[in-house]
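Participant: Contents are compact mmCIF, C-alpha atoms; file name query23.txt:
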```txt
# COMPACT_ATOMS: atom_id res chain seq x y z
CA MET G 1 -22.02 38.99 -42.11
CA VAL G 2 -18.52 37.57 -41.57
CA ALA G 3 -18.44 39.08 -38.09
CA TRP G 4 -21.66 37.27 -37.15
CA LEU G 5 -20.31 33.99 -38.54
CA ALA G 6 -17.14 34.48 -36.48
CA ILE G 7 -19.27 34.98 -33.36
CA VAL G 8 -21.22 31.80 -34.11
CA VAL G 9 -18.07 29.74 -34.68
CA PHE G 10 -16.45 31.03 -31.50
CA THR G 11 -19.62 30.44 -29.47
CA VAL G 12 -20.01 26.86 -30.72
CA ALA G 13 -16.33 26.10 -30.12
CA TYR G 14 -16.55 27.57 -26.64
CA ILE G 15 -19.64 25.50 -25.84
CA LEU G 16 -17.84 22.36 -27.02
CA ILE G 17 -14.86 23.21 -24.82
CA ALA G 18 -17.09 23.96 -21.82
CA THR G 19 -19.29 20.88 -22.19
CA GLU G 20 -16.32 18.71 -23.22
CA LYS G 21 -18.36 17.01 -25.94
CA VAL G 22 -15.10 16.95 -27.88
CA HIS G 23 -11.54 17.36 -26.64
CA ARG G 24 -10.61 21.02 -26.13
CA VAL G 25 -7.69 20.75 -28.59
CA ALA G 26 -9.99 19.44 -31.34
CA ALA G 27 -12.58 22.15 -30.59
CA ALA G 28 -9.99 24.95 -30.68
CA LEU G 29 -8.34 23.69 -33.87
CA GLY G 30 -11.71 23.09 -35.53
CA GLY G 31 -12.82 26.61 -34.68
CA ALA G 32 -9.54 28.05 -35.97
CA VAL G 33 -9.87 26.19 -39.28
CA LEU G 34 -13.46 27.42 -39.74
CA MET G 35 -12.38 31.01 -39.05
CA LEU G 36 -9.80 30.69 -41.84
CA VAL G 37 -12.24 29.03 -44.25
CA LEU G 38 -14.96 31.66 -43.62
CA GLY G 39 -12.52 34.51 -44.19
CA ALA G 40 -12.85 35.88 -40.66
CA THR G 41 -9.06 35.84 -40.66
CA ASN G 42 -6.31 34.74 -43.02
CA ALA G 43 -2.90 33.15 -42.77
CA GLU G 44 -1.12 36.49 -42.48
CA HIS G 45 -3.37 37.74 -39.68
CA ALA G 46 -3.59 34.36 -37.95
CA PHE G 47 0.11 33.60 -37.79
CA PHE G 48 2.04 36.85 -38.31
CA SER G 49 -0.09 39.69 -36.95
CA GLU G 50 0.89 41.15 -33.56
CA GLU G 51 -2.66 42.25 -32.77
CA SER G 52 -4.93 39.53 -34.14
CA GLY G 53 -2.93 36.34 -34.49
CA VAL G 54 -1.10 33.66 -32.57
CA ASP G 55 0.93 35.23 -29.78
CA TRP G 56 4.22 33.49 -30.42
CA ASN G 57 5.73 35.16 -27.36
CA VAL G 58 3.35 33.17 -25.19
CA ILE G 59 3.89 29.94 -27.15
CA PHE G 60 7.68 30.14 -26.96
CA LEU G 61 7.65 31.27 -23.33
CA LEU G 62 5.67 28.12 -22.52
CA LEU G 63 7.90 25.91 -24.66
CA GLY G 64 11.11 27.23 -23.08
CA MET G 65 9.82 26.82 -19.52
CA MET G 66 8.43 23.36 -20.31
CA LEU G 67 11.91 22.28 -21.42
CA ILE G 68 13.41 23.56 -18.14
CA VAL G 69 10.75 21.77 -16.09
CA VAL G 70 11.19 18.48 -17.97
CA VAL G 71 14.95 18.51 -17.34
CA LEU G 72 14.46 19.56 -13.70
CA GLN G 73 12.10 16.61 -13.19
CA ARG G 74 14.98 14.24 -13.96
CA THR G 75 16.92 15.49 -10.91
CA GLY G 76 14.42 14.59 -8.20
CA ALA G 77 14.03 18.25 -7.19
CA PHE G 78 10.24 18.07 -7.20
CA GLU G 79 10.24 15.06 -4.89
CA PHE G 80 12.60 16.97 -2.56
CA VAL G 81 10.28 20.00 -2.40
CA ALA G 82 7.21 17.78 -2.03
CA ILE G 83 8.62 15.97 1.00
CA TRP G 84 9.88 19.26 2.48
CA ALA G 85 6.45 20.91 2.11
CA ALA G 86 4.57 17.95 3.55
CA LYS G 87 6.91 17.74 6.55
CA ARG G 88 6.70 21.48 7.26
CA ALA G 89 2.91 21.20 7.29
CA ARG G 90 3.12 18.12 9.58
CA GLY G 91 1.13 16.17 6.98
CA ARG G 92 -2.04 18.17 7.60
CA PRO G 93 -3.92 18.73 4.29
CA PHE G 94 -5.09 22.32 4.86
CA ARG G 95 -1.66 23.43 6.06
CA VAL G 96 -0.16 21.80 2.98
CA MET G 97 -2.56 23.75 0.75
CA VAL G 98 -1.80 27.05 2.51
CA LEU G 99 1.93 26.48 2.15
CA LEU G 100 1.64 25.57 -1.54
CA VAL G 101 -0.66 28.46 -2.50
CA VAL G 102 1.52 31.03 -0.71
CA VAL G 103 4.65 29.69 -2.41
CA THR G 104 2.79 29.69 -5.73
CA ALA G 105 1.58 33.28 -5.34
CA VAL G 106 5.02 34.61 -4.40
CA ALA G 107 6.74 32.67 -7.17
CA SER G 108 4.16 33.91 -9.70
CA ALA G 109 5.02 37.49 -8.82
CA VAL G 110 8.76 36.88 -9.22
CA LEU G 111 8.60 34.64 -12.30
CA ASP G 112 5.22 34.51 -14.03
CA ASN G 113 2.09 32.50 -13.35
CA VAL G 114 2.50 30.05 -16.23
CA THR G 115 6.10 29.20 -15.30
CA THR G 116 5.11 28.80 -11.66
CA VAL G 117 2.30 26.37 -12.47
CA LEU G 118 4.72 24.31 -14.54
CA LEU G 119 7.12 24.15 -11.58
CA VAL G 120 4.61 23.65 -8.75
CA ALA G 121 2.24 21.12 -10.36
CA PRO G 122 4.71 18.18 -10.28
CA VAL G 123 5.44 18.92 -6.60
CA THR G 124 1.72 18.97 -5.83
CA LEU G 125 1.10 15.65 -7.52
CA LEU G 126 3.78 14.05 -5.39
CA VAL G 127 2.60 15.65 -2.13
CA CYS G 128 -0.99 14.52 -2.72
CA GLU G 129 0.18 11.02 -3.58
CA ARG G 130 2.23 10.84 -0.37
CA LEU G 131 -0.66 12.08 1.80
CA ALA G 132 -3.43 10.18 -0.07
CA VAL G 133 -5.51 13.33 -0.66
CA PRO G 134 -7.35 14.31 -3.89
CA VAL G 135 -5.17 16.16 -6.38
CA ALA G 136 -7.73 18.38 -8.13
CA PRO G 137 -8.50 20.80 -5.24
CA TYR G 138 -4.80 21.49 -4.71
CA LEU G 139 -4.04 22.10 -8.39
CA ILE G 140 -7.09 24.34 -8.77
CA ALA G 141 -6.20 26.33 -5.64
CA GLU G 142 -2.64 26.79 -6.87
CA VAL G 143 -3.54 28.06 -10.30
CA LEU G 144 -6.06 30.50 -8.79
CA ALA G 145 -3.31 31.69 -6.42
CA SER G 146 -0.88 32.00 -9.33
CA ASN G 147 -3.23 34.37 -11.17
CA ILE G 148 -3.74 36.46 -8.03
CA GLY G 149 -0.02 36.58 -7.18
CA GLY G 150 0.96 37.29 -10.78
CA THR G 151 -1.18 40.43 -10.73
CA ALA G 152 1.32 42.13 -8.40
CA THR G 153 4.20 42.65 -10.83
CA LEU G 154 5.00 43.58 -14.40
CA VAL G 155 6.29 40.08 -15.24
CA GLY G 156 3.78 38.15 -13.11
CA ASP G 157 1.06 37.82 -15.73
CA PRO G 158 1.49 38.19 -19.53
CA PRO G 159 -1.28 40.87 -19.80
CA ASN G 160 0.76 43.08 -17.44
CA ILE G 161 3.68 43.01 -19.88
CA ILE G 162 1.36 44.22 -22.64
CA ILE G 163 -0.06 46.98 -20.42
CA ALA G 164 3.39 48.13 -19.31
CA SER G 165 4.59 48.32 -22.90
CA ARG G 166 1.58 50.33 -24.09
CA ALA G 167 1.39 52.67 -21.06
CA GLY G 168 5.11 53.12 -20.40
CA LEU G 169 4.78 51.77 -16.86
CA SER G 170 7.75 50.44 -14.87
CA TYR G 171 8.26 47.37 -12.70
CA ASN G 172 8.03 49.58 -9.62
CA ASP G 173 4.76 51.15 -10.80
CA PHE G 174 3.09 47.73 -10.67
CA LEU G 175 4.54 47.00 -7.24
CA ILE G 176 3.32 50.30 -5.81
CA HIS G 177 -0.18 50.17 -7.26
CA LEU G 178 -1.04 46.45 -7.36
CA ALA G 179 1.09 44.61 -4.79
CA PRO G 180 -0.83 46.02 -1.76
CA ILE G 181 -4.23 44.77 -2.96
CA VAL G 182 -2.72 41.40 -3.97
CA VAL G 183 -1.57 40.84 -0.38
CA VAL G 184 -5.13 41.50 0.84
CA LEU G 185 -6.60 39.24 -1.83
CA MET G 186 -4.29 36.37 -0.89
CA VAL G 187 -5.38 36.56 2.75
CA VAL G 188 -9.03 36.44 1.65
CA PHE G 189 -8.26 33.65 -0.82
CA ILE G 190 -6.73 31.43 1.86
CA GLY G 191 -9.96 31.86 3.85
CA LEU G 192 -11.97 30.91 0.75
CA CYS G 193 -9.82 27.80 0.28
CA ARG G 194 -10.77 26.60 3.76
CA TRP G 195 -14.43 26.77 2.73
CA LEU G 196 -14.34 25.86 -0.97
CA PHE G 197 -12.12 22.79 -0.63
CA ARG G 198 -13.16 21.67 2.88
CA ARG G 199 -13.97 18.13 1.71
CA ALA G 200 -10.37 17.60 0.62
CA PHE G 201 -8.91 18.20 4.09
CA VAL G 202 -9.23 14.70 5.49
CA ALA G 203 -6.01 13.78 7.25
CA ASN G 204 -4.52 10.28 7.06
CA PRO G 205 -2.40 9.84 10.24
CA GLU G 206 -0.55 6.80 8.87
CA ARG G 207 0.43 8.60 5.67
CA ALA G 208 1.44 11.69 7.67
CA GLU G 209 3.72 9.63 9.90
CA ALA G 210 5.26 7.94 6.87
CA VAL G 211 5.98 11.34 5.29
CA MET G 212 7.56 12.68 8.50
CA ALA G 213 9.96 9.72 8.46
CA LEU G 214 11.23 10.52 4.95
CA ARG G 215 14.51 12.33 4.24
CA GLU G 216 14.34 15.05 1.58
CA ARG G 217 17.96 14.52 0.57
CA ASP G 218 17.28 10.95 -0.52
CA ALA G 219 14.98 12.20 -3.26
CA ILE G 220 17.79 13.87 -5.24
CA ARG G 221 18.90 11.56 -8.05
CA ASP G 222 21.40 13.73 -9.96
CA VAL G 223 23.21 16.45 -7.99
CA ARG G 224 25.24 17.72 -10.96
CA LEU G 225 22.16 18.15 -13.16
CA LEU G 226 20.28 19.78 -10.28
CA VAL G 227 23.00 22.41 -9.82
CA ILE G 228 23.07 23.15 -13.56
CA SER G 229 19.27 23.35 -13.71
CA LEU G 230 19.05 25.73 -10.74
CA VAL G 231 21.77 27.99 -12.16
CA VAL G 232 19.95 28.19 -15.50
CA LEU G 233 16.58 28.75 -13.80
CA ALA G 234 18.08 31.52 -11.64
CA ALA G 235 19.60 33.17 -14.71
CA VAL G 236 16.26 33.00 -16.53
CA THR G 237 14.50 34.50 -13.50
CA VAL G 238 16.94 37.42 -13.32
CA ALA G 239 16.59 37.98 -17.05
CA PHE G 240 12.78 38.06 -16.67
CA VAL G 241 13.07 40.84 -14.10
CA LEU G 242 15.61 42.75 -16.21
CA HIS G 243 14.01 42.07 -19.58
CA THR G 244 13.33 45.78 -20.22
CA VAL G 245 17.00 46.57 -19.56
CA LEU G 246 18.29 43.63 -21.59
CA HIS G 247 15.82 44.33 -24.42
CA LEU G 248 14.95 40.64 -24.59
CA GLU G 249 11.38 39.37 -24.63
CA PRO G 250 10.54 36.87 -21.84
CA SER G 251 9.81 34.31 -24.55
CA VAL G 252 13.35 34.64 -25.94
CA VAL G 253 14.82 34.38 -22.44
CA ALA G 254 12.81 31.23 -21.68
CA LEU G 255 13.63 29.57 -25.00
CA ILE G 256 17.36 30.31 -24.66
CA GLY G 257 17.28 28.99 -21.10
CA GLY G 258 15.47 25.81 -22.11
CA LEU G 259 17.79 25.07 -25.03
CA VAL G 260 20.96 25.86 -23.04
CA LEU G 261 19.84 23.59 -20.20
CA LEU G 262 18.98 20.81 -22.65
CA ALA G 263 22.44 21.10 -24.22
CA LEU G 264 24.25 21.14 -20.86
CA SER G 265 22.20 18.29 -19.40
CA GLY G 266 23.47 15.67 -21.82
CA LEU G 267 19.97 14.16 -21.93
CA ASN G 268 18.47 12.66 -25.06
CA ALA G 269 16.64 15.51 -26.84
CA GLU G 270 13.97 13.20 -28.24
CA SER G 271 13.20 11.85 -24.76
CA VAL G 272 12.87 15.37 -23.35
CA ALA G 273 10.69 16.51 -26.25
CA LYS G 274 8.23 13.67 -25.62
CA ASP G 275 7.49 15.10 -22.18
CA VAL G 276 6.68 18.61 -23.44
CA GLU G 277 2.97 19.52 -23.22
CA TRP G 278 2.44 19.76 -26.99
CA PRO G 279 -1.39 19.49 -26.81
CA THR G 280 -1.47 22.58 -24.56
CA LEU G 281 0.64 24.57 -27.02
CA VAL G 282 -1.59 23.52 -29.92
CA PHE G 283 -4.71 24.45 -27.94
CA PHE G 284 -3.31 27.93 -27.35
CA ALA G 285 -2.57 28.36 -31.03
CA GLY G 286 -6.15 27.43 -31.96
CA LEU G 287 -7.60 29.71 -29.29
CA PHE G 288 -5.43 32.63 -30.43
CA VAL G 289 -6.58 32.20 -34.03
CA MET G 290 -10.25 32.19 -32.99
CA VAL G 291 -9.94 35.25 -30.76
CA GLY G 292 -7.80 36.93 -33.42
CA ALA G 293 -10.66 36.42 -35.88
CA LEU G 294 -12.99 38.28 -33.50
CA VAL G 295 -10.41 41.06 -33.36
CA ASN G 296 -9.94 41.06 -37.13
CA THR G 297 -13.67 41.32 -37.83
CA GLY G 298 -14.04 44.17 -35.34
CA VAL G 299 -16.22 42.32 -32.81
CA ILE G 300 -14.06 42.95 -29.75
CA ASP G 301 -13.19 46.48 -30.86
CA THR G 302 -16.90 47.32 -31.16
CA LEU G 303 -17.57 46.05 -27.66
CA ALA G 304 -14.63 47.98 -26.25
CA LYS G 305 -15.53 51.24 -27.96
CA SER G 306 -19.16 50.96 -26.87
CA ALA G 307 -18.04 50.73 -23.25
CA THR G 308 -15.66 53.66 -23.77
CA GLU G 309 -18.34 55.89 -25.29
CA ALA G 310 -20.83 55.04 -22.55
CA THR G 311 -18.43 56.22 -19.84
CA GLU G 312 -16.68 59.11 -21.60
CA GLY G 313 -15.80 61.93 -19.23
CA ARG G 314 -16.72 60.01 -16.08
CA LEU G 315 -13.48 58.56 -14.81
CA MET G 316 -14.84 56.68 -11.80
CA LEU G 317 -17.61 55.08 -13.87
CA ALA G 318 -15.13 54.26 -16.65
CA SER G 319 -12.81 52.64 -14.13
CA GLY G 320 -15.58 50.49 -12.66
CA VAL G 321 -16.97 49.45 -16.04
CA LEU G 322 -13.47 48.64 -17.31
CA LEU G 323 -12.72 46.55 -14.21
CA TRP G 324 -15.88 44.44 -14.38
CA ALA G 325 -16.09 44.26 -18.19
CA SER G 326 -12.46 43.13 -18.37
CA ALA G 327 -13.17 40.47 -15.77
CA GLY G 328 -16.24 39.25 -17.67
CA ILE G 329 -14.57 39.14 -21.07
CA SER G 330 -11.37 37.59 -19.71
CA ALA G 331 -13.47 34.80 -18.26
CA ILE G 332 -14.64 33.91 -21.77
CA VAL G 333 -11.58 34.56 -23.91
CA ASP G 334 -7.95 34.28 -22.86
CA ASN G 335 -6.91 37.51 -21.16
CA ILE G 336 -3.76 37.94 -23.28
CA PRO G 337 -5.46 38.66 -26.64
CA TYR G 338 -8.17 40.63 -24.82
CA VAL G 339 -5.65 43.00 -23.22
CA ALA G 340 -3.73 43.26 -26.49
CA THR G 341 -6.98 44.43 -28.12
CA MET G 342 -8.19 46.65 -25.30
CA SER G 343 -4.94 48.45 -24.46
CA PRO G 344 -5.09 50.89 -27.43
CA VAL G 345 -8.66 51.80 -26.42
CA VAL G 346 -7.59 52.41 -22.82
CA ALA G 347 -4.63 54.48 -24.03
CA ASP G 348 -7.06 56.73 -25.94
CA LEU G 349 -9.32 56.95 -22.89
CA VAL G 350 -6.40 57.90 -20.62
CA GLN G 351 -5.32 60.58 -23.06
CA ALA G 352 -8.87 61.94 -23.37
CA ASN G 353 -9.24 62.26 -19.59
CA GLY G 354 -5.75 63.71 -19.20
CA GLY G 355 -3.59 63.96 -16.12
CA ASP G 356 -2.05 61.34 -13.86
CA SER G 357 -5.43 60.55 -12.32
CA ALA G 358 -6.49 58.75 -15.51
CA GLN G 359 -3.70 56.17 -14.96
CA VAL G 360 -6.19 54.37 -12.72
CA LEU G 361 -7.71 52.96 -15.91
CA TRP G 362 -4.58 50.91 -16.52
CA TRP G 363 -4.81 49.42 -13.03
CA SER G 364 -8.49 48.66 -13.55
CA LEU G 365 -7.66 46.89 -16.80
CA ALA G 366 -4.88 44.86 -15.15
CA LEU G 367 -6.97 43.86 -12.14
CA GLY G 368 -10.01 42.97 -14.25
CA ALA G 369 -8.11 40.94 -16.83
CA ASP G 370 -5.75 39.17 -14.40
CA LEU G 371 -8.33 38.31 -11.73
CA GLY G 372 -11.18 37.70 -14.17
CA GLY G 373 -9.02 35.03 -15.79
CA ASN G 374 -9.69 32.89 -12.71
CA ALA G 375 -13.39 32.60 -13.52
CA THR G 376 -13.19 29.77 -16.08
CA ALA G 377 -10.81 27.06 -17.20
CA VAL G 378 -9.84 28.99 -20.35
CA GLY G 379 -9.71 32.50 -18.86
CA ALA G 380 -5.95 32.55 -18.32
CA SER G 381 -2.94 30.79 -19.80
CA ALA G 382 -2.01 29.26 -16.45
CA ASN G 383 -5.44 27.61 -16.20
CA VAL G 384 -5.04 25.88 -19.54
CA VAL G 385 -1.52 24.73 -18.68
CA MET G 386 -2.68 23.32 -15.36
CA LEU G 387 -5.55 21.39 -16.99
CA GLY G 388 -3.08 19.92 -19.46
CA LEU G 389 -0.67 18.85 -16.72
CA ALA G 390 -3.50 17.32 -14.67
CA GLU G 391 -4.80 15.35 -17.65
CA ARG G 392 -1.33 14.11 -18.53
CA SER G 393 -0.83 12.83 -14.98
CA GLY G 394 -4.13 10.93 -15.02
CA HIS G 395 -6.05 13.39 -12.82
CA ARG G 396 -8.36 15.00 -15.37
CA ILE G 397 -10.11 18.19 -14.26
CA SER G 398 -13.23 19.12 -16.21
CA PHE G 399 -14.13 22.63 -17.38
CA TRP G 400 -16.97 22.90 -14.87
CA GLN G 401 -15.04 21.34 -12.01
CA PHE G 402 -12.59 24.22 -12.31
CA THR G 403 -15.14 26.89 -13.11
CA LYS G 404 -17.42 26.29 -10.11
CA TYR G 405 -14.52 27.31 -7.85
CA GLY G 406 -13.02 29.90 -10.17
CA LEU G 407 -16.24 31.90 -10.52
CA VAL G 408 -16.52 32.34 -6.75
CA VAL G 409 -12.88 33.42 -6.37
CA ALA G 410 -13.05 35.77 -9.36
CA PHE G 411 -16.25 37.45 -8.12
CA VAL G 412 -14.96 37.96 -4.57
CA THR G 413 -11.54 39.28 -5.66
CA ILE G 414 -13.04 41.65 -8.25
CA LEU G 415 -15.49 42.95 -5.65
CA ILE G 416 -12.64 43.68 -3.21
CA SER G 417 -10.60 45.23 -6.02
CA THR G 418 -13.50 47.55 -6.85
CA ALA G 419 -13.48 48.81 -3.26
CA TYR G 420 -9.69 49.19 -3.39
CA VAL G 421 -9.78 51.24 -6.60
CA TRP G 422 -12.49 53.52 -5.21
CA LEU G 423 -10.74 54.02 -1.86
CA ARG G 424 -7.28 54.59 -3.27
CA TYR G 425 -8.03 56.69 -6.34
CA PHE G 426 -11.38 58.39 -5.81
CA ALA G 427 -12.59 58.48 -2.19
CA PHE G 428 -10.06 61.05 -1.02
CA ALA G 429 -9.41 62.77 -4.33
CA ALA G 430 -9.60 66.54 -4.27
```
Hey, can you dump this file as structure tokens for me?

Facilitator:
Amino acid sequence: MVAWLAIVVFTVAYILIATEKVHRVAAALGGAVLMLVLGATNAEHAFFSEESGVDWNVIFLLLGMMLIVVVLQRTGAFEFVAIWAAKRARGRPFRVMVLLVVVTAVASAVLDNVTTVLLVAPVTLLVCERLAVPVAPYLIAEVLASNIGGTATLVGDPPNIIIASRAGLSYNDFLIHLAPIVVVLMVVFIGLCRWLFRRAFVANPERAEAVMALRERDAIRDVRLLVISLVVLAAVTVAFVLHTVLHLEPSVVALIGGLVLLALSGLNAESVAKDVEWPTLVFFAGLFVMVGALVNTGVIDTLAKSATEATEGRLMLASGVLLWASAGISAIVDNIPYVATMSPVVADLVQANGGDSAQVLWWSLALGADLGGNATAVGASANVVMLGLAERSGHRISFWQFTKYGLVVAFVTILISTAYVWLRYFAFAA
């Protein structure tokens, strides 16, 4: 009975978020409170459980990187990059988008997609303002690119960190198995951008000429703070890559980096705190509690085990079902709690099938969860962050405005990934 009530609460909250009848933060918090009141979860599970509660690693990773971004904004670095990007693209809107999405994808693989969105969004807002083009298409394209690019590495997307931990996979394993398909997907994605966002590519010659006349160097307001910020950001990036060696969670690295930079900057802490995206952090907490309730009541586990039983012993079928089911579920719930729930099931399935050939299931899970997160505005952490940044800047993007593009990109990339998995792991297998 409680499980059914949890499903109803989650469904209603999701509908409210999708239709935007109420603000997404209010819907997520309201749903979380109802889950607690109904007994679908409790305080211990909601706030202290690793499997069915708030993922504090994600919350603190976001908080730490938000602090770094807020301080970096004070230096004029984003204006510098914005002018540089616009000048390199000669002020032509489509070229600007291509440049920004490629930079976003590469940065997402090196850092992570959430951090990249936090860094790139302010640049995008300034570029679009300079060129007098609509902001929404560029922000949407970038966050979709961030989820694709982040798929390539262990640290690129939070679900990959969970998978690596459960499966004992290395940074190089992700590069070898996922980076090749990500390169293909980015080429296809750029082609999709030309079609999906074609109405946004209206050049303004006067604005383009004005941008070409600007000097990037004039945008820098505080050289000392810029140097300090870049040193801290570089140290955080290196620590992300070496987090398994350092035995530090990315969230700890980000939080230390944010607090150290705040201390070294000499800025007023209260002023910096006001610019942190607190509503986004609160929304994540509410969403985690709701999804955790579905985990706690066995709803997600039942779905996962049903899929496992239906494909037992048939590795190629299991891989395909896992890929598409992960994409579908990650489009509805955030892919982080989904992967946290599904990874033990996949581990059992890999063990049951035996041999190295069954490792393909981990890659199917990663591709499905990471790319499926592009389908809707709440499918991936980066999507939620981007919507929050857009709203804060006065360029609100609705759930459906994002989703009508995300669904197309998710479907096409999952379709190509299905072909990749079959060709690489099954077509020429002995």

Participant: Quick one: distance from CA of Met290 in chain G to CA of Ala40 in chain G in Å, one decimal?

Facilitator: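 CA of Ala40 in chain G lies 8.9 Å from CA of Met290 in chain G.
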
Participant: When distances are computed from only C-alpha atoms, which of G:Ala293, G:Asp301, G:Leu131, G:Asp218 shows the smallest separation from Ala32 in chain G?

Facilitator: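 Distance minimum relative to Ala32 in chain G lands on G:Ala293.
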
Participant: Could you list, as number ranges by chain, every residue within 6 Å of range 383-400 of chain G, counting only C-alpha atoms and ignoring same-chain residues fewer than 5 positions away?

Facilitator: G: 18, 280, 377-378

Participant: Leaving out range 369-371 of chain G and any residue of its chain fewer than 3 positions from it, which residues lie within 10 Å of it when counting only C-alpha atoms, given as a ChimeraX atom specification?

Facilitator: /G:144-145,147-152,156-160,322-331,334-336,338-339,363-366,374-375,379-380,406,409-414,417

Participant: Could you work out an axis-aligned box for range 193-203 of chain G, taking every atom the file lists and adding 3 Å on each side, and report centre and edge lengths in Å to one decimal, as lines of an AutoDock Vina configuration file?

Facilitator:
```
center_x = -10.2
center_y = 20.8
center_z = 3.1
size_x = 14.4
size_y = 20.0
size_z = 14.2
```

Participant: With only C-alpha atoms as the atoms that count, which of G:Thr104, G:Ser170, G:Asn42, G:Asn296 lies nearest to Leu139 in chain G?

Facilitator: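 Of all the options, G:Thr104 lies closest to Leu139 in chain G.
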
Participant: At what distance in Å, to one decimal, does CA of Thr124 in chain G lie from CA of Pro137 in chain G?

Facilitator: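 For CA of Pro137 in chain G relative to CA of Thr124 in chain G, the distance reads 10.4 Å.
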
Participant: To one decimal place in Å, what is the distance between CA of Val333 in chain G and CA of Ser49 in chain G?

Facilitator: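 Value for the CA of Val333 in chain G-CA of Ser49 in chain G distance: 18.1 Å.
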
Participant: For each of G:Lys21, G:Leu63, G:Val223, G:Thr341, take the minimum atom-to-atom distance to Pro279 in chain G, counting only C-alpha atoms, then give the residue where this is smallest.

Facilitator: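 Nearest to Pro279 in chain G: G:Leu63.
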